[in-house]
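Participant: Provided herewith: model.txt, compact mmCIF, C-alpha atoms.
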# COMPACT_ATOMS: atom_id res chain seq x y z
CA MET A 30 -136.22 71.94 149.83
CA ILE A 31 -132.70 70.59 150.47
CA LEU A 32 -130.84 72.61 153.09
CA ASN A 33 -128.77 69.99 154.94
CA LEU A 34 -127.63 66.39 154.63
CA ASP A 35 -130.67 65.00 156.47
CA ASP A 36 -132.92 66.45 153.77
CA PHE A 37 -131.41 64.08 151.21
CA GLU A 38 -132.70 61.12 153.23
CA VAL A 39 -136.23 62.51 153.12
CA ALA A 40 -136.00 63.06 149.38
CA ALA A 41 -134.48 59.61 148.77
CA ARG A 42 -137.33 57.92 150.65
CA ARG A 43 -139.72 59.46 148.13
CA ARG A 44 -137.54 58.43 145.18
CA LEU A 45 -136.48 54.87 146.00
CA PRO A 46 -138.56 51.69 146.25
CA ARG A 47 -139.15 50.64 149.85
CA PRO A 48 -136.72 47.66 149.80
CA LEU A 49 -133.83 49.73 148.42
CA PHE A 50 -134.35 52.62 150.79
CA GLY A 51 -134.61 50.10 153.61
CA TYR A 52 -131.29 48.57 152.59
CA ILE A 53 -129.49 51.91 152.82
CA ALA A 54 -131.21 53.08 155.99
CA GLY A 55 -131.29 49.74 157.77
CA ALA A 56 -129.06 48.53 160.57
CA ALA A 57 -128.57 45.31 162.54
CA GLU A 58 -131.10 44.03 165.07
CA THR A 59 -132.24 46.85 167.43
CA ALA A 60 -130.25 49.49 165.48
CA SER A 61 -128.58 50.56 168.74
CA ALA A 62 -125.15 50.80 167.14
CA TYR A 63 -126.63 52.95 164.38
CA ALA A 64 -128.31 55.21 166.95
CA ASP A 65 -125.09 55.59 168.93
CA ASN A 66 -123.37 57.06 165.88
CA ARG A 67 -125.66 60.09 166.25
CA ALA A 68 -126.08 60.03 170.02
CA VAL A 69 -122.37 60.55 170.67
CA PHE A 70 -122.43 63.93 168.96
CA SER A 71 -125.42 65.09 171.02
CA GLU A 72 -123.45 64.40 174.21
CA MET A 73 -120.83 67.02 173.31
CA ARG A 74 -121.19 70.80 173.30
CA LEU A 75 -118.86 73.39 171.78
CA ILE A 76 -117.14 76.23 173.61
CA PRO A 77 -116.57 79.13 171.20
CA ASN A 78 -113.95 81.83 171.53
CA VAL A 79 -114.88 85.29 170.23
CA LEU A 80 -113.06 88.33 168.84
CA ARG A 81 -110.33 86.15 167.40
CA GLY A 82 -110.26 87.49 163.85
CA VAL A 83 -111.33 84.52 161.75
CA GLU A 84 -110.95 85.93 158.27
CA GLY A 85 -109.02 83.78 155.83
CA ARG A 86 -110.32 80.52 157.28
CA THR A 87 -109.41 77.26 155.58
CA ILE A 88 -110.83 73.75 155.92
CA THR A 89 -108.16 72.11 153.76
CA ARG A 90 -106.50 69.02 155.21
CA PRO A 91 -103.36 67.09 154.20
CA LEU A 92 -103.62 63.33 153.92
CA PHE A 93 -100.92 60.99 152.64
CA ASP A 94 -99.34 62.71 149.65
CA ARG A 95 -101.86 65.43 148.82
CA LEU A 96 -103.86 68.36 150.21
CA TYR A 97 -107.60 67.83 150.13
CA ASP A 98 -110.16 70.63 150.03
CA ALA A 99 -111.93 69.35 153.16
CA PRO A 100 -111.29 66.85 155.99
CA PHE A 101 -114.01 64.45 154.86
CA GLY A 102 -114.42 61.85 152.16
CA ILE A 103 -117.06 59.51 150.77
CA ALA A 104 -117.21 56.16 152.56
CA PRO A 105 -117.53 52.86 150.64
CA MET A 106 -121.12 51.78 150.02
CA GLY A 107 -122.18 48.58 148.29
CA ILE A 108 -124.57 48.20 145.34
CA SER A 109 -124.67 51.97 144.82
CA SER A 110 -125.44 51.52 141.12
CA LEU A 111 -128.74 49.88 142.03
CA MET A 112 -129.75 53.01 143.95
CA ALA A 113 -128.54 55.63 141.45
CA LEU A 114 -127.80 55.42 137.75
CA ASP A 115 -124.09 54.60 137.48
CA GLY A 116 -123.91 55.34 141.19
CA ASP A 117 -120.27 54.37 141.81
CA VAL A 118 -119.03 56.56 138.97
CA VAL A 119 -121.32 59.42 140.00
CA LEU A 120 -119.90 59.39 143.55
CA ALA A 121 -116.32 59.04 142.32
CA ARG A 122 -116.62 61.97 139.90
CA ALA A 123 -118.27 64.21 142.46
CA ALA A 124 -115.50 63.52 144.98
CA LYS A 125 -112.79 64.19 142.40
CA ASP A 126 -114.33 67.50 141.35
CA ALA A 127 -114.79 68.55 144.99
CA GLY A 128 -111.24 67.63 145.99
CA ILE A 129 -112.11 65.02 148.60
CA PRO A 130 -111.30 61.28 148.93
CA PHE A 131 -113.60 58.58 147.56
CA ILE A 132 -113.54 54.90 148.56
CA LEU A 133 -115.03 52.33 146.18
CA SER A 134 -116.79 49.43 147.89
CA GLY A 135 -115.73 45.85 147.24
CA SER A 136 -119.43 44.96 146.96
CA SER A 137 -119.92 47.44 144.13
CA LEU A 138 -121.59 46.69 140.81
CA THR A 139 -119.10 48.66 138.69
CA PRO A 140 -115.70 47.25 137.68
CA LEU A 141 -112.99 48.86 139.79
CA GLU A 142 -111.00 49.66 136.66
CA ARG A 143 -113.80 51.82 135.25
CA VAL A 144 -114.20 53.77 138.49
CA LEU A 145 -110.48 54.59 138.57
CA GLU A 146 -110.72 55.95 135.03
CA ASN A 147 -113.21 58.50 136.36
CA ASN A 148 -111.29 59.29 139.55
CA PRO A 149 -107.56 58.44 139.47
CA ASP A 150 -107.30 59.25 143.20
CA ALA A 151 -110.00 56.75 144.26
CA TRP A 152 -109.27 54.22 147.01
CA PHE A 153 -110.45 50.61 146.83
CA GLN A 154 -112.05 48.84 149.78
CA ALA A 155 -111.91 45.05 149.81
CA TYR A 156 -113.89 42.35 151.58
CA LEU A 157 -111.28 39.63 151.53
CA PRO A 158 -111.87 35.92 152.10
CA GLY A 159 -109.50 33.77 154.12
CA GLU A 160 -108.08 31.94 151.07
CA GLU A 161 -104.53 33.08 150.34
CA ASP A 162 -104.76 32.48 146.59
CA ARG A 163 -107.87 34.63 146.28
CA ILE A 164 -106.29 37.38 148.40
CA ARG A 165 -103.24 37.46 146.17
CA ALA A 166 -105.30 37.48 142.99
CA LEU A 167 -107.54 40.36 144.06
CA VAL A 168 -104.67 42.46 145.43
CA GLN A 169 -102.80 41.96 142.14
CA ARG A 170 -105.87 43.06 140.19
CA VAL A 171 -106.18 46.23 142.29
CA GLU A 172 -102.50 46.95 141.77
CA ARG A 173 -102.70 46.41 138.00
CA ALA A 174 -105.64 48.79 137.81
CA GLY A 175 -103.50 51.53 139.35
CA TYR A 176 -104.98 52.06 142.79
CA LYS A 177 -102.60 53.56 145.34
CA THR A 178 -104.66 52.97 148.50
CA LEU A 179 -106.19 49.66 149.55
CA VAL A 180 -108.73 49.61 152.38
CA LEU A 181 -109.33 46.25 154.07
CA THR A 182 -112.62 46.05 155.94
CA ALA A 183 -112.02 43.93 159.00
CA ASP A 184 -115.39 43.76 160.78
CA THR A 185 -117.29 41.36 158.52
CA ALA A 186 -115.96 37.99 159.66
CA VAL A 187 -119.56 36.87 160.21
CA LEU A 188 -122.69 37.96 158.35
CA ALA A 189 -124.76 40.22 160.59
CA ASN A 190 -128.39 39.75 161.52
CA ARG A 191 -129.96 42.41 159.31
CA GLU A 192 -133.56 41.47 159.95
CA ASN A 193 -134.62 45.04 159.22
CA ASN A 194 -133.59 44.55 155.59
CA LEU A 195 -135.91 41.55 155.39
CA ARG A 196 -138.78 43.53 156.92
CA ALA A 197 -138.24 46.16 154.23
CA GLY A 198 -138.37 43.49 151.53
CA PHE A 199 -134.67 43.48 150.67
CA SER A 200 -132.77 40.21 150.55
CA THR A 201 -129.42 38.89 149.38
CA PRO A 202 -129.72 37.59 146.75
CA LEU A 203 -132.37 39.98 145.48
CA ARG A 204 -135.51 37.83 145.06
CA ILE A 205 -138.07 38.81 142.44
CA THR A 206 -141.36 38.39 144.30
CA PRO A 207 -144.85 39.86 143.71
CA ARG A 208 -144.24 42.22 146.65
CA LEU A 209 -140.91 43.38 145.20
CA ILE A 210 -142.53 44.02 141.81
CA PHE A 211 -145.30 45.98 143.55
CA ASP A 212 -142.79 48.06 145.51
CA PHE A 213 -140.84 48.80 142.32
CA ALA A 214 -144.01 49.74 140.44
CA LEU A 215 -144.79 52.41 143.02
CA LYS A 216 -141.61 54.27 142.03
CA PRO A 217 -141.76 54.62 138.22
CA ARG A 218 -139.11 57.36 138.14
CA TRP A 219 -136.60 54.95 139.65
CA VAL A 220 -137.78 52.04 137.47
CA PHE A 221 -137.38 53.92 134.20
CA GLY A 222 -134.64 56.36 135.16
CA THR A 223 -132.34 53.97 137.01
CA PHE A 224 -133.23 50.29 136.86
CA LEU A 225 -134.28 49.84 133.24
CA ARG A 226 -131.63 52.23 131.95
CA SER A 227 -128.98 50.26 133.83
CA LEU A 228 -130.25 46.98 132.39
CA VAL A 229 -130.21 48.37 128.85
CA GLU A 230 -126.80 50.05 129.12
CA ARG A 231 -124.93 47.59 131.36
CA GLY A 232 -126.96 44.40 131.54
CA MET A 233 -127.89 42.52 134.72
CA PRO A 234 -125.83 43.93 137.61
CA HIS A 235 -123.05 41.68 138.91
CA PHE A 236 -120.82 41.97 141.94
CA GLU A 237 -117.77 43.06 139.99
CA ASN A 238 -115.04 43.41 142.60
CA SER A 239 -115.41 40.69 145.21
CA PHE A 240 -112.58 38.67 143.68
CA ALA A 241 -110.09 38.93 140.85
CA GLU A 242 -112.74 37.55 138.51
CA ARG A 243 -116.23 38.89 137.92
CA GLY A 244 -118.70 37.91 140.62
CA VAL A 245 -122.25 36.60 140.49
CA PRO A 246 -125.39 38.55 139.48
CA ILE A 247 -127.31 40.24 142.28
CA VAL A 248 -130.13 37.71 141.79
CA SER A 249 -127.86 34.66 142.04
CA LYS A 250 -128.44 32.18 144.85
CA ASN A 251 -124.64 32.00 145.24
CA VAL A 252 -124.38 35.56 146.58
CA VAL A 253 -124.45 34.49 150.23
CA ARG A 254 -121.88 31.77 149.59
CA ASP A 255 -119.50 34.20 147.91
CA PHE A 256 -119.84 36.80 150.67
CA GLY A 257 -119.97 34.50 153.65
CA ARG A 258 -116.52 32.94 153.96
CA LYS A 259 -114.48 35.52 155.82
CA ASP A 260 -114.34 34.04 159.30
CA HIS A 261 -110.82 32.72 158.71
CA LEU A 262 -109.37 36.18 158.05
CA ASN A 263 -106.80 37.11 160.73
CA TRP A 264 -103.73 39.24 161.41
CA GLU A 265 -101.50 36.84 159.47
CA HIS A 266 -103.50 37.73 156.38
CA VAL A 267 -102.87 41.40 157.10
CA ARG A 268 -99.17 40.58 157.23
CA LEU A 269 -99.48 38.78 153.88
CA ILE A 270 -101.30 41.72 152.30
CA ARG A 271 -98.70 44.12 153.65
CA ASP A 272 -95.97 41.99 152.04
CA ILE A 273 -97.57 41.86 148.59
CA TRP A 274 -99.25 45.29 148.47
CA LYS A 275 -96.77 48.10 147.88
CA GLY A 276 -99.27 50.94 148.10
CA ARG A 277 -100.93 52.47 151.14
CA LEU A 278 -102.81 50.00 153.34
CA VAL A 279 -105.72 51.13 155.54
CA LEU A 280 -107.74 48.91 157.92
CA LYS A 281 -111.42 49.80 158.35
CA GLY A 282 -113.85 48.58 160.99
CA LEU A 283 -111.63 48.79 164.07
CA LEU A 284 -112.93 50.00 167.45
CA ALA A 285 -110.61 48.53 170.09
CA HIS A 286 -107.45 50.57 170.69
CA THR A 287 -105.50 47.30 170.90
CA ASP A 288 -106.47 46.57 167.30
CA VAL A 289 -105.20 49.99 166.30
CA ALA A 290 -101.90 49.08 167.92
CA HIS A 291 -101.87 45.80 165.97
CA ALA A 292 -102.48 47.67 162.73
CA ARG A 293 -99.53 49.93 163.41
CA LYS A 294 -97.35 46.93 164.30
CA HIS A 295 -98.27 45.28 160.99
CA GLY A 296 -97.16 48.29 158.97
CA CYS A 297 -100.54 49.77 158.06
CA ASP A 298 -100.62 53.37 156.87
CA GLY A 299 -103.96 54.16 158.42
CA VAL A 300 -107.09 52.92 160.17
CA ILE A 301 -110.74 53.96 159.97
CA LEU A 302 -112.66 53.52 163.20
CA SER A 303 -116.14 52.27 162.34
CA ASN A 304 -119.05 50.13 163.49
CA HIS A 305 -120.05 49.67 159.84
CA GLY A 306 -122.83 52.22 160.08
CA GLY A 307 -124.49 50.08 162.75
CA ARG A 308 -124.89 47.25 160.23
CA GLN A 309 -122.71 44.59 161.90
CA LEU A 310 -122.52 44.11 165.69
CA ASP A 311 -125.53 45.64 167.42
CA PHE A 312 -124.63 47.72 170.50
CA ALA A 313 -121.08 48.26 169.19
CA ILE A 314 -119.78 51.65 170.23
CA SER A 315 -119.50 54.41 167.65
CA GLY A 316 -116.15 55.06 166.06
CA VAL A 317 -116.15 58.54 167.59
CA ARG A 318 -116.29 57.05 171.10
CA ALA A 319 -113.17 55.06 170.26
CA LEU A 320 -111.19 58.05 168.98
CA LYS A 321 -109.39 59.19 172.11
CA ALA A 322 -108.00 55.77 173.03
CA ALA A 323 -107.15 55.05 169.40
CA ARG A 324 -105.26 58.32 169.04
CA GLY A 325 -102.82 57.15 171.68
CA GLU A 326 -102.02 54.02 169.66
CA ALA A 327 -102.14 55.36 166.11
CA GLY A 328 -98.78 57.11 166.12
CA ASP A 329 -98.09 58.46 162.65
CA MET A 330 -100.81 56.37 160.98
CA MET A 331 -103.80 58.17 159.52
CA LEU A 332 -106.66 57.96 162.00
CA GLY A 333 -110.05 58.17 160.31
CA VAL A 334 -113.59 57.64 161.54
CA ASP A 335 -117.04 57.18 160.04
CA GLY A 336 -120.59 56.82 161.27
CA GLY A 337 -123.27 59.45 161.84
CA ILE A 338 -121.49 62.45 160.31
CA ARG A 339 -124.23 64.84 159.21
CA ARG A 340 -123.11 68.35 160.17
CA GLY A 341 -120.08 70.59 160.14
CA THR A 342 -120.18 70.58 163.94
CA ASP A 343 -119.92 66.77 163.86
CA ILE A 344 -116.66 67.07 161.94
CA LEU A 345 -115.33 69.70 164.36
CA LYS A 346 -116.06 67.42 167.32
CA ALA A 347 -114.41 64.43 165.67
CA VAL A 348 -111.32 66.46 164.79
CA ALA A 349 -111.18 67.80 168.34
CA LEU A 350 -111.10 64.21 169.60
CA GLY A 351 -108.15 63.35 167.38
CA THR A 352 -109.33 62.18 163.97
CA ASP A 353 -107.43 63.19 160.86
CA PHE A 354 -110.33 62.57 158.49
CA VAL A 355 -113.99 61.59 158.63
CA PHE A 356 -115.92 59.61 156.03
CA VAL A 357 -119.58 60.13 155.12
CA GLY A 358 -121.71 57.35 153.68
CA ARG A 359 -125.51 57.27 153.58
CA PRO A 360 -126.17 60.98 152.86
CA MET A 361 -123.97 60.88 149.77
CA LEU A 362 -125.76 57.81 148.40
CA TYR A 363 -129.12 59.38 149.15
CA ALA A 364 -128.00 62.44 147.19
CA ALA A 365 -126.91 60.30 144.24
CA ALA A 366 -130.27 58.52 144.25
CA VAL A 367 -132.14 61.82 144.27
CA GLY A 368 -130.27 63.61 141.49
CA GLY A 369 -127.02 62.01 140.40
CA GLN A 370 -123.68 63.78 140.41
CA SER A 371 -125.07 67.29 140.75
CA MET A 372 -126.86 66.37 143.96
CA VAL A 373 -123.77 64.66 145.40
CA GLU A 374 -121.81 67.82 144.63
CA GLN A 375 -124.51 69.82 146.40
CA ALA A 376 -124.27 67.57 149.46
CA ILE A 377 -120.49 68.01 149.56
CA GLN A 378 -120.80 71.78 149.24
CA ILE A 379 -123.38 71.93 152.03
CA LEU A 380 -121.01 70.10 154.38
CA LYS A 381 -118.05 72.24 153.33
CA LYS A 382 -120.03 75.43 153.91
CA GLU A 383 -121.25 74.31 157.32
CA LEU A 384 -117.74 73.35 158.42
CA ASN A 385 -116.30 76.66 157.26
CA GLN A 386 -119.03 78.58 159.11
CA ASP A 387 -118.71 76.48 162.26
CA LEU A 388 -114.95 76.88 162.30
CA GLY A 389 -115.40 80.65 162.32
CA LEU A 390 -118.16 80.53 164.92
CA VAL A 391 -115.97 78.55 167.28
CA GLY A 392 -113.27 81.19 166.82
CA LEU A 393 -110.66 79.32 164.79
CA ARG A 394 -109.09 79.79 161.35
CA GLY A 395 -107.84 76.31 160.52
CA LEU A 396 -108.34 72.68 161.45
CA ASP A 397 -104.84 72.51 162.93
CA GLU A 398 -106.14 74.82 165.70
CA VAL A 399 -108.97 72.47 166.67
CA GLY A 400 -108.47 70.57 169.92
CA GLU A 401 -110.33 69.30 172.97
CA THR A 402 -110.41 72.81 174.47
CA ILE A 403 -113.43 73.55 172.26
CA LEU A 404 -115.39 70.62 173.72
CA ASP A 405 -117.62 70.47 176.80
CA ARG A 406 -118.40 66.81 177.41
Would you mind writing the file out in structure tokens?

Facilitator:
Amino acid sequence: MILNLDDFEVAARRRLPRPLFGYIAGAAETASAYADNRAVFSEMRLIPNVLRGVEGRTITRPLFDRLYDAPFGIAPMGISSLMALDGDVVLARAAKDAGIPFILSGSSLTPLERVLENNPDAWFQAYLPGEEDRIRALVQRVERAGYKTLVLTADTAVLANRENNLRAGFSTPLRITPRLIFDFALKPRWVFGTFLRSLVERGMPHFENSFAERGVPIVSKNVVRDFGRKDHLNWEHVRLIRDIWKGRLVLKGLLAHTDVAHARKHGCDGVILSNHGGRQLDFAISGVRALKAARGEAGDMMLGVDGGIRRGTDILKAVALGTDFVFVGRPMLYAAAVGGQSMVEQAIQILKKELNQDLGLVGLRGLDEVGETILDR
């Protein structure tokens, strides 16, 4: 029975082969950064006001040039189409129909042009190398496709130590070993319903959006080489991107308030505070812990946050601390793996319903009324 976002994780564990579930669920080293994304919410309690008359509540939220139906969106997640049949398109369509933002990952297996055809409001998230010619070429491709919002992930200068992925049997590149074949064989529904159907309909999955040209297959030994040369990326590259990209520019993966100030100085339109779901620097603080200091530096930039959002009360707490929007990752991909677009839509509706209920229970009628007065820390 699926009643909340955590239930999708339980169902996805039953559906997915062990290495693929481990890839989604895994985090770096001791997983302390991952744990902190949930722990921060447990440290805060809510102070409700009663007899306020909360009929006519709304959870709509303006962002950039449109009004969204809720203050949350779907975060970028790589290789989604290996977890769910046509996973990137499934997530994009569900977000469009639900009236929330969707961010396509740069490590996706679906061409960015095709995703935009299914959701004209989609954002594109890039993992950019330090080579200026490749930056220009990819940005130009994104612009030609018609994207209006470019998200640059800034916290992947060095490949993290994801030893937990290796323990689960997942590697980059994906190595076909007897153990991997055994793990796949234990999940025939995924093998026949996702993997083989994808191979027949789309061929061997490639990283489609790492550069302007098509990337390597997921089984290529060159995967690490293509994804491992970002340590030269710096603020001068952000300045370059700002000069050549005429759309909205958002930086993702910031935690220090000084970096938020730099982003504003460089003309960014928004930032997303994030520790990459606990998948990069172990013991990094959660994005929610960074919210208050970041709010003082963000000015009129959009201030978003991701990591650990599972409940409507989580969103209320993040909004109370100053975020404009939150982004949800793993639960949406779990939902796609379990049942495609219909399950993603169900996950979105669950979170919308919880937020609407919680807003009323705390005694408010709109998100613009939410502030730190509802928090006991």

Participant: Leaving out Tyr97 (chain A) and any residue of its chain fewer than 2 positions from it, which residues lie within 12 Å of it when counting only C-alpha atoms, given as number ranges by chain?

Facilitator: A: 87-95, 99-102, 124-131, 150, 353-354, 381

Participant: Kindly indicate which residue among A:Leu195, A:Ile164, A:Asp311, A:Gly175 lies nearest to Trp152 (chain A), using only C-alpha atoms for the distances.

Facilitator: A:Gly175

Participant: Could you jot down the CA of Ser227 (chain A) to CA of Pro48 (chain A) separation for me, Å, one decimal place?

Facilitator: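 Result for CA of Ser227 (chain A) versus CA of Pro48 (chain A): 17.9 Å, one decimal.
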
Participant: At what distance in Å, to one decimal, does CA of Ala40 (chain A) lie from CA of Gln386 (chain A)?

Facilitator: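 Between these atoms lies a distance of 25.0 Å.
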
Participant: With only C-alpha atoms counted, which protein, DNA or RNA residues have an atom no more than 12 Å from (-95.4, 44.5, 150.0) in the file frame? Please answer as an mmCIF file with C-alpha atoms, in the frame of the given file.

Facilitator:
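Once everything was written out, this is out-v5.cif:
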data_model
loop_
_atom_site.group_PDB
_atom_site.id
_atom_site.type_symbol
_atom_site.label_atom_id
_atom_site.label_comp_id
_atom_site.auth_asym_id
_atom_site.auth_seq_id
_atom_site.Cartn_x
_atom_site.Cartn_y
_atom_site.Cartn_z
ATOM 1 C CA ARG A 165 -103.240 37.460 146.170
ATOM 2 C CA VAL A 168 -104.670 42.460 145.430
ATOM 3 C CA GLN A 169 -102.800 41.960 142.140
ATOM 4 C CA GLU A 172 -102.500 46.950 141.770
ATOM 5 C CA LEU A 179 -106.190 49.660 149.550
ATOM 6 C CA VAL A 267 -102.870 41.400 157.100
ATOM 7 C CA ARG A 268 -99.170 40.580 157.230
ATOM 8 C CA LEU A 269 -99.480 38.780 153.880
ATOM 9 C CA ILE A 270 -101.300 41.720 152.300
ATOM 10 C CA ARG A 271 -98.700 44.120 153.650
ATOM 11 C CA ASP A 272 -95.970 41.990 152.040
ATOM 12 C CA ILE A 273 -97.570 41.860 148.590
ATOM 13 C CA TRP A 274 -99.250 45.290 148.470
ATOM 14 C CA LYS A 275 -96.770 48.100 147.880
ATOM 15 C CA GLY A 276 -99.270 50.940 148.100
ATOM 16 C CA ARG A 277 -100.930 52.470 151.140
ATOM 17 C CA LEU A 278 -102.810 50.000 153.340
ATOM 18 C CA HIS A 295 -98.270 45.280 160.990
ATOM 19 C CA GLY A 296 -97.160 48.290 158.970
ATOM 20 C CA CYS A 297 -100.540 49.770 158.060
#

Participant: Give me the box for region 207-218 of chain A as AutoDock Vina command-line options, namely the centre and edge lengths in Å to one decimal of a box along x, y and z that holds every listed atom plus 5 Å on each side.

Facilitator:
--center_x -142.2 --center_y 48.6 --center_z 142.4 --size_x 16.2 --size_y 27.5 --size_z 18.5

Participant: Determine, counting only C-alpha atoms, every residue of protein, DNA or RNA that lies within 10 Å of (-115.0, 55.6, 148.0) in the file coordinates, then give the result as a ChimeraX atom specification.

Facilitator: /A:102-106,117-118,120-121,124,129-135,144,148,150-154,180,356-358

Participant: Can you write out the residues you just picked, keeping C-alpha atoms, as an mmCIF file, keeping the file's coordinate frame?

Facilitator:
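See out.cif below for the written result:
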data_model
loop_
_atom_site.group_PDB
_atom_site.id
_atom_site.type_symbol
_atom_site.label_atom_id
_atom_site.label_comp_id
_atom_site.auth_asym_id
_atom_site.auth_seq_id
_atom_site.Cartn_x
_atom_site.Cartn_y
_atom_site.Cartn_z
ATOM 1 C CA GLY A 102 -114.420 61.850 152.160
ATOM 2 C CA ILE A 103 -117.060 59.510 150.770
ATOM 3 C CA ALA A 104 -117.210 56.160 152.560
ATOM 4 C CA PRO A 105 -117.530 52.860 150.640
ATOM 5 C CA MET A 106 -121.120 51.780 150.020
ATOM 6 C CA ASP A 117 -120.270 54.370 141.810
ATOM 7 C CA VAL A 118 -119.030 56.560 138.970
ATOM 8 C CA LEU A 120 -119.900 59.390 143.550
ATOM 9 C CA ALA A 121 -116.320 59.040 142.320
ATOM 10 C CA ALA A 124 -115.500 63.520 144.980
ATOM 11 C CA ILE A 129 -112.110 65.020 148.600
ATOM 12 C CA PRO A 130 -111.300 61.280 148.930
ATOM 13 C CA PHE A 131 -113.600 58.580 147.560
ATOM 14 C CA ILE A 132 -113.540 54.900 148.560
ATOM 15 C CA LEU A 133 -115.030 52.330 146.180
ATOM 16 C CA SER A 134 -116.790 49.430 147.890
ATOM 17 C CA GLY A 135 -115.730 45.850 147.240
ATOM 18 C CA VAL A 144 -114.200 53.770 138.490
ATOM 19 C CA ASN A 148 -111.290 59.290 139.550
ATOM 20 C CA ASP A 150 -107.300 59.250 143.200
ATOM 21 C CA ALA A 151 -110.000 56.750 144.260
ATOM 22 C CA TRP A 152 -109.270 54.220 147.010
ATOM 23 C CA PHE A 153 -110.450 50.610 146.830
ATOM 24 C CA GLN A 154 -112.050 48.840 149.780
ATOM 25 C CA VAL A 180 -108.730 49.610 152.380
ATOM 26 C CA PHE A 356 -115.920 59.610 156.030
ATOM 27 C CA VAL A 357 -119.580 60.130 155.120
ATOM 28 C CA GLY A 358 -121.710 57.350 153.680
#

Participant: Distance CA of Phe213 (chain A)-CA of Leu45 (chain A), one decimal place?

Facilitator: 8.3 Å

Participant: Taking all atoms listed in the file into account, which of A:Glu192, A:Asp98, A:Asp405, A:Glu84 comes nearest Arg308 (chain A)?

Facilitator: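 Answer, going by the shortest atom-to-atom distance: A:Glu192.
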
Participant: Could you give me, as JSON lines, every region 288-321 of chain A residue with an atom at most 7 Å from region 62-67 of chain A, plus its closest atom pair and distance in Å to one decimal, counting all atoms listed in the file, rows ordered by chain then number?

Facilitator:
{"residue": "A:Gly306", "atom": "CA", "partner": "A:Tyr63", "partner_atom": "CA", "distance": 5.8}
{"residue": "A:Gly307", "atom": "CA", "partner": "A:Tyr63", "partner_atom": "CA", "distance": 3.9}
{"residue": "A:Asp311", "atom": "CA", "partner": "A:Ala62", "partner_atom": "CA", "distance": 5.2}
{"residue": "A:Phe312", "atom": "CA", "partner": "A:Ala62", "partner_atom": "CA", "distance": 4.6}
{"residue": "A:Ala313", "atom": "CA", "partner": "A:Ala62", "partner_atom": "CA", "distance": 5.2}
{"residue": "A:Ile314", "atom": "CA", "partner": "A:Ala62", "partner_atom": "CA", "distance": 6.3}
{"residue": "A:Ser315", "atom": "CA", "partner": "A:Asn66", "partner_atom": "CA", "distance": 5.0}

Participant: Please identify all polymer residues within 9 Å of region 200-211 of chain A, counting only C-alpha atoms, omitting same-chain residues fewer than 4 positions from it, and present them as a list of chain:residue names.

Facilitator: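 Returned residues: A:Pro46, A:Arg47, A:Pro48, A:Tyr52, A:Asn194, A:Leu195, A:Leu215, A:Pro246, A:Ile247, A:Val248, A:Ser249, A:Lys250, A:Asn251, A:Val252, A:Val253.
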
Participant: Do a neighbour search on His261 (chain A) at 12 Å with only C-alpha atoms, toss out local chain neighbours closer than 2 positions, and write the hits as a ChimeraX atom specification.

Facilitator: /A:157-161,183,185-187,257-259,263-267

Participant: Residues at most 8 Å from Ala290 (chain A), counting all atoms listed in the file, excluding those fewer than 4 positions away in the same chain, as a ChimeraX atom specification?

Facilitator: /A:286,294,326-327

Participant: Would you export the selected residues with C-alpha atoms as a PDB file, keeping the file's coordinate frame, please?

Facilitator:
ATOM      1  CA  HIS A 286    -107.450  50.570 170.690  1.00  0.00           C
ATOM      2  CA  LYS A 294     -97.350  46.930 164.300  1.00  0.00           C
ATOM      3  CA  GLU A 326    -102.020  54.020 169.660  1.00  0.00           C
ATOM      4  CA  ALA A 327    -102.140  55.360 166.110  1.00  0.00           C
TER       5      ALA A 327
END

Participant: Hey, which of A:Asp260, A:Arg81, A:Glu242, A:Glu401 ends up closest to Lys321 (chain A)? Count all atoms listed in the file.

Facilitator: A:Glu401
